[in-house]
Every structure is written in structure tokens, then in C-alpha cells.
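For reference, data.csv (CSV, C-alpha atoms):
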chain,number,residue,atom,x,y,z
Z,139,MET,CA,0.0,0.0,0.0
Z,140,SER,CA,2.0,2.9,-1.3
Z,141,ASN,CA,-0.5,5.3,-2.8
Z,142,TYR,CA,-0.9,8.4,-0.7
Z,143,LYS,CA,-4.7,8.3,-0.7
Z,144,SER,CA,-4.7,4.6,0.1
Z,145,ILE,CA,-2.6,5.2,3.2
Z,146,GLN,CA,-4.9,8.0,4.3
Z,147,ARG,CA,-7.9,5.7,3.9
Z,148,LEU,CA,-6.2,3.1,6.0
Z,149,ILE,CA,-5.4,5.7,8.7
Z,150,ALA,CA,-9.0,6.8,8.8
Z,151,VAL,CA,-10.2,3.2,9.2
Z,152,GLN,CA,-7.7,2.6,12.0
Z,153,ALA,CA,-8.8,5.8,13.8
Z,154,ILE,CA,-12.5,4.9,13.5
Z,155,TYR,CA,-11.7,1.4,14.7
Z,156,GLU,CA,-9.7,2.7,17.7
Z,157,THR,CA,-12.4,5.1,18.8
Z,158,THR,CA,-15.0,2.4,18.4
Z,159,LEU,CA,-13.0,0.1,20.8
Z,160,ASN,CA,-11.8,2.7,23.2
Z,161,LYS,CA,-14.5,5.3,23.9
Z,162,ARG,CA,-12.0,7.4,25.9
Z,163,ARG,CA,-10.2,8.1,22.7
Z,164,GLN,CA,-13.2,9.9,21.4
Z,165,ASN,CA,-12.2,12.8,23.6
Z,166,ASP,CA,-8.8,13.0,22.0
Z,167,SER,CA,-8.1,15.4,19.2
Z,168,ILE,CA,-8.0,14.0,15.7
Z,169,GLU,CA,-4.4,15.1,15.4
Z,170,GLU,CA,-3.5,13.1,18.5
Z,171,ILE,CA,-5.2,10.0,17.3
Z,172,PHE,CA,-3.6,10.2,13.8
Z,173,HIS,CA,-0.2,11.0,15.3
Z,174,ASP,CA,-0.4,7.8,17.5
Z,175,ILE,CA,-1.4,5.7,14.5
Z,176,ILE,CA,1.2,7.1,12.2
Z,177,SER,CA,4.0,6.9,14.7
Z,178,ASN,CA,3.4,3.2,15.1
Z,179,SER,CA,3.1,2.5,11.4
Z,180,GLU,CA,5.3,1.7,8.5
Z,181,PHE,CA,4.1,4.8,6.7
Z,182,LYS,CA,5.7,7.4,9.0
Z,183,LYS,CA,8.2,8.7,6.5
Z,184,LYS,CA,5.8,8.8,3.6
Z,185,LEU,CA,3.4,11.0,5.6
Z,186,GLU,CA,5.8,13.5,7.0
Z,187,GLY,CA,4.5,17.0,6.6
Z,188,SER,CA,1.1,15.8,5.3
Z,189,ASN,CA,-2.1,17.5,6.5
Z,190,LEU,CA,-4.0,14.2,6.0
Z,191,SER,CA,-6.9,16.0,4.5
Z,192,LEU,CA,-8.6,12.8,3.2
Z,193,SER,CA,-8.1,11.0,6.5
Z,194,LYS,CA,-9.7,13.9,8.4
Z,195,GLU,CA,-12.6,14.2,6.0
Z,196,ILE,CA,-13.4,10.5,6.2
Z,197,TYR,CA,-13.0,10.3,10.0
Z,198,LYS,CA,-15.1,13.4,10.7
Z,199,GLY,CA,-17.6,12.5,8.1
Z,200,VAL,CA,-18.2,9.1,9.6
Z,201,LEU,CA,-18.6,10.5,13.1
Z,202,ILE,CA,-21.0,13.2,12.0
Z,203,ASN,CA,-23.1,10.8,9.9
Z,204,LEU,CA,-22.6,7.6,12.0
Z,205,ASP,CA,-26.3,6.9,12.6
Z,206,SER,CA,-27.2,7.3,9.0
Z,207,ILE,CA,-24.2,5.2,7.9
Z,208,ASP,CA,-25.0,2.4,10.3
Z,209,ASN,CA,-28.6,2.5,9.2
Z,210,ILE,CA,-27.4,2.1,5.5
Z,211,LEU,CA,-25.1,-0.7,6.5
Z,212,SER,CA,-27.7,-2.5,8.5
Z,213,LYS,CA,-30.2,-2.3,5.6
Z,214,SER,CA,-27.5,-3.6,3.2
Z,215,MET,CA,-26.8,-6.7,5.3
Z,216,ASP,CA,-28.9,-9.8,4.7
Z,217,ASN,CA,-29.0,-10.5,8.4
Z,218,ASN,CA,-29.0,-7.8,11.0
Z,219,ASN,CA,-27.7,-10.2,13.6
Z,220,LYS,CA,-24.7,-10.7,11.4
Z,221,LEU,CA,-23.9,-7.0,11.8
Z,222,LYS,CA,-24.2,-7.1,15.6
Z,223,SER,CA,-21.6,-9.9,15.9
Z,224,MET,CA,-19.4,-8.5,13.1
Z,225,ASN,CA,-15.7,-7.7,13.8
Z,226,LYS,CA,-15.4,-4.0,14.8
Z,227,LEU,CA,-12.5,-3.5,12.3
Z,228,LEU,CA,-14.7,-4.8,9.5
Z,229,ILE,CA,-17.5,-2.4,10.6
Z,230,SER,CA,-14.9,0.4,10.6
Z,231,ILE,CA,-14.0,-0.5,7.0
Z,232,PHE,CA,-17.6,-0.5,6.0
Z,233,ARG,CA,-18.3,2.8,7.7
Z,234,SER,CA,-15.4,4.6,5.9
Z,235,ALA,CA,-16.3,3.1,2.5
Z,236,ILE,CA,-20.0,4.0,2.9
Z,237,TYR,CA,-19.1,7.5,3.8
Z,238,GLU,CA,-16.9,7.9,0.7
Z,239,LEU,CA,-19.4,6.2,-1.6
Z,240,LEU,CA,-22.4,8.2,-0.5
Z,241,TYR,CA,-21.2,11.5,0.9
Z,242,ILE,CA,-18.1,12.5,-1.2
Z,243,ALA,CA,-19.0,13.8,-4.6
Z,244,ASN,CA,-16.7,13.5,-7.7
Z,245,ILE,CA,-15.0,10.3,-6.7
Z,246,SER,CA,-14.8,7.1,-8.6
Z,247,LYS,CA,-17.0,4.5,-6.9
Z,248,ASN,CA,-14.9,1.7,-8.4
Z,249,ILE,CA,-11.7,3.2,-7.0
Z,250,VAL,CA,-13.3,3.5,-3.6
Z,251,ILE,CA,-14.4,-0.1,-3.6
Z,252,SER,CA,-11.0,-1.3,-4.8
Z,253,GLU,CA,-9.3,0.7,-2.1
Z,254,TYR,CA,-11.4,-0.7,0.7
Z,255,LEU,CA,-11.0,-4.2,-0.7
Z,256,LEU,CA,-7.2,-3.7,-0.4
Z,257,ILE,CA,-7.7,-2.6,3.2
Z,258,THR,CA,-9.9,-5.6,4.0
Z,259,ASN,CA,-7.3,-7.9,2.4
Z,260,ARG,CA,-4.7,-6.4,4.6
Z,261,PHE,CA,-6.5,-7.6,7.8
Z,262,PHE,CA,-8.8,-10.4,6.7
Z,263,GLY,CA,-9.3,-13.3,4.2
Z,264,ASP,CA,-11.4,-14.0,1.2
Z,265,LYS,CA,-14.7,-14.5,3.1
Z,266,GLU,CA,-14.6,-10.9,4.5
Z,267,SER,CA,-13.3,-9.5,1.2
Z,268,SER,CA,-16.2,-11.1,-0.7
Z,269,LEU,CA,-18.7,-9.7,1.9
Z,270,VAL,CA,-17.2,-6.1,1.6
Z,271,ASN,CA,-17.2,-6.4,-2.2
Z,272,GLY,CA,-20.8,-7.5,-2.4
Z,273,VAL,CA,-22.1,-4.9,0.0
Z,274,LEU,CA,-20.2,-2.0,-1.5
Z,275,ASP,CA,-21.0,-3.0,-5.0
Z,276,ASN,CA,-24.7,-2.9,-4.2
Z,277,LEU,CA,-24.2,0.5,-2.4
Z,278,GLN,CA,-22.6,2.1,-5.4
Z,279,LYS,CA,-25.8,1.7,-7.3
Z,280,ILE,CA,-27.7,4.0,-4.8
If you convert what's in this file into C-alpha cells, what do you get?
Amino acid sequence: MSNYKSIQRLIAVQAIYETTLNKRRQNDSIEEIFHDIISNSEFKKKLEGSNLSLSKEIYKGVLINLDSIDNILSKSMDNNNKLKSMNKLLISIFRSAIYELLYIANISKNIVISEYLLITNRFFGDKESSLVNGVLDNLQKI
């Protein structure tokens, strides 16, 4: 994962995941959360001096639209119980992708799906990647 925007998407997913697991982190500034993630990543040198505008837009957008995004995700799942028991990192991936697909204009839906499939493959296997691909593919038609 070397593309600058790809790395920013990954950082946003990690920040959303972290604040989902650790509610106390929700009180921390976005800069502090991103700094902690970047300082512990392999991308530290690539992001020096970056303002992380895409990461910030995704992170803030997901938080502002969380109820709506979760409602969309819930409706797109075949089984709502599946969502309740789903891995929190996978939910964070879905939330970020849904935000980009439905709330950011002038962006290629195919690129967004491809990017989030790469992120999913970084942490999970084929089963989860197929799920992400199917759900996001259906969402791009909205």
C-alpha cells in the first residue's frame, strides 16, 4: 500500500476502529489519534508534513453521519444479527467506505471499492473481502 490516498484511507479506518473500541479516545483530538497511529506504522516517513486531509474528511464525516451510515449498513446486510456480531474492524472499514461512496462527490466509486478491498485484504481473508465487495458493489448503485 503505497498510494498516498490509500494510506490516508487506512489511517481513517484505524482511527475509527480505535475510537470504536476505546470510547475514551473519542475525547482526544483527531491530530493526536492520527499521530499515534502514524508513529506506530510503516508509513511514518511517507506522511511527514502531510495534512492528512482525506483521512480527516473520512474520520469526521463518519462520526457526523454515524447513525445514517450504520442504518445504511444495517439495511444492506442480509441478516442484521450478522452486523451485531461482526468484527469491529470490518465495521470500521464499511463505515469509511460507505461515507466515501455516499457522501463525497466527484469520486470514482470503483476506485473507492477497490481501495477498501485492499484494506480488507490487509487484515482479513477471502470471506470478508467477498462480503465487503458485495455490500459496497450494491451500495454504489444507490
*One-decimal distance in Å that lies between CA of Ile257 in chain Z and CA of Asn203 in chain Z*: 21.5 Å
*So which residues fall inside 12 Å of (-14.1, -9.0, 5.1) if we count all atoms listed in the file? Mind giving them as a ChimeraX atom specification?*
/Z:224-232,254-274
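Across Z:Asp275, Z:Glu180, Z:Glu169, Z:Asp205, the tightest approach to Arg233 in chain Z is made by Z:Asp205 when counting all atoms listed in the file.
Excluding Lys143 in chain Z itself and any same-chain residue fewer than 4 positions from it, the protein and nucleic acid residues within 10 Å of it, counting all atoms listed in the file, are Met139, Arg147, Leu148, Ile149, Leu190, Ser191, Leu192, Ser193 and Glu253 of chain Z.
Going from CA of Lys161 in chain Z to CA of Ala235 in chain Z covers 21.6 Å.
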*Find the spatial neighbours of range 242-246 of chain Z, counting all atoms listed in the file, within a cut-off of 12 Å - ignore same-chain residues fewer than 6 positions away - and output them as a ChimeraX atom specification.*
/Z:192,195-196,199-200,234-236,252-253,278
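Across the model, the gap from CA of Lys182 in chain Z to CA of Glu156 in chain Z is 18.3 Å.
The residue that comes closest to Ser206 in chain Z, out of Z:Phe181, Z:Ser144, Z:Asn276, Z:Tyr241 and on the basis of all atoms listed in the file, is Z:Tyr241.
Closest approach to Leu277 in chain Z from the set Z:Ser212, Z:Ser167, Z:Asn141, Z:Asn178 is made by Z:Ser212, with distances taken over all atoms listed in the file.
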*With only C-alpha atoms as the basis for distance, which of Z:Ser188, Z:Asn248, Z:Ser223, Z:Ser214 is at the shortest distance from Ile176 in chain Z?*
Z:Ser188
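Comparing the minimum interatomic distances between Ile210 in chain Z and each of Z:Tyr237, Z:Leu185, Z:Ile154, Z:Lys198, counting all atoms listed in the file, we find that Z:Tyr237 sits nearest.
Considering all atoms listed in the file, the residue among Z:Lys247, Z:Leu201, Z:Leu211, Z:Ile145 positioned nearest to Thr158 in chain Z is Z:Leu201.
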If I only have part of range 148-161 of chain Z, can you fill in N, CA and C atoms and write it as an mmCIF file, in the frame of the given file?
data_model
loop_
_atom_site.group_PDB
_atom_site.id
_atom_site.type_symbol
_atom_site.label_atom_id
_atom_site.label_comp_id
_atom_site.auth_asym_id
_atom_site.auth_seq_id
_atom_site.Cartn_x
_atom_site.Cartn_y
_atom_site.Cartn_z
ATOM 1 N N LEU Z 148 -6.519 4.092 5.006
ATOM 2 C CA LEU Z 148 -6.200 3.100 6.000
ATOM 3 C C LEU Z 148 -6.084 3.801 7.414
ATOM 4 N N ILE Z 149 -5.499 4.970 7.475
ATOM 5 C CA ILE Z 149 -5.400 5.700 8.700
ATOM 6 C C ILE Z 149 -6.781 6.067 9.267
ATOM 7 N N ALA Z 150 -7.667 6.498 8.386
ATOM 8 C CA ALA Z 150 -9.000 6.800 8.800
ATOM 9 C C ALA Z 150 -9.732 5.596 9.378
ATOM 10 N N VAL Z 151 -9.597 4.464 8.701
ATOM 11 C CA VAL Z 151 -10.200 3.200 9.200
ATOM 12 C C VAL Z 151 -9.650 2.868 10.563
ATOM 13 N N GLN Z 152 -8.344 2.973 10.722
ATOM 14 C CA GLN Z 152 -7.700 2.600 12.000
ATOM 15 C C GLN Z 152 -8.201 3.582 13.111
ATOM 16 N N ALA Z 153 -8.354 4.862 12.793
ATOM 17 C CA ALA Z 153 -8.800 5.800 13.800
ATOM 18 C C ALA Z 153 -10.273 5.532 14.190
ATOM 19 N N ILE Z 154 -11.102 5.221 13.209
ATOM 20 C CA ILE Z 154 -12.500 4.900 13.500
ATOM 21 C C ILE Z 154 -12.562 3.611 14.339
ATOM 22 N N TYR Z 155 -11.754 2.642 13.985
ATOM 23 C CA TYR Z 155 -11.700 1.400 14.700
ATOM 24 C C TYR Z 155 -11.253 1.646 16.182
ATOM 25 N N GLU Z 156 -10.204 2.435 16.325
ATOM 26 C CA GLU Z 156 -9.700 2.700 17.700
ATOM 27 C C GLU Z 156 -10.695 3.416 18.549
ATOM 28 N N THR Z 157 -11.394 4.402 17.998
ATOM 29 C CA THR Z 157 -12.400 5.100 18.800
ATOM 30 C C THR Z 157 -13.642 4.292 19.047
ATOM 31 N N THR Z 158 -13.871 3.292 18.216
ATOM 32 C CA THR Z 158 -15.000 2.400 18.400
ATOM 33 C C THR Z 158 -14.672 1.457 19.631
ATOM 34 N N LEU Z 159 -13.429 0.998 19.697
ATOM 35 C CA LEU Z 159 -13.000 0.100 20.800
ATOM 36 C C LEU Z 159 -12.772 0.827 22.097
ATOM 37 N N ASN Z 160 -12.199 2.004 22.009
ATOM 38 C CA ASN Z 160 -11.800 2.700 23.200
ATOM 39 C C ASN Z 160 -12.540 4.074 23.238
ATOM 40 N N LYS Z 161 -13.656 4.103 23.902
ATOM 41 C CA LYS Z 161 -14.500 5.300 23.900
ATOM 42 C C LYS Z 161 -13.787 6.516 24.511
#
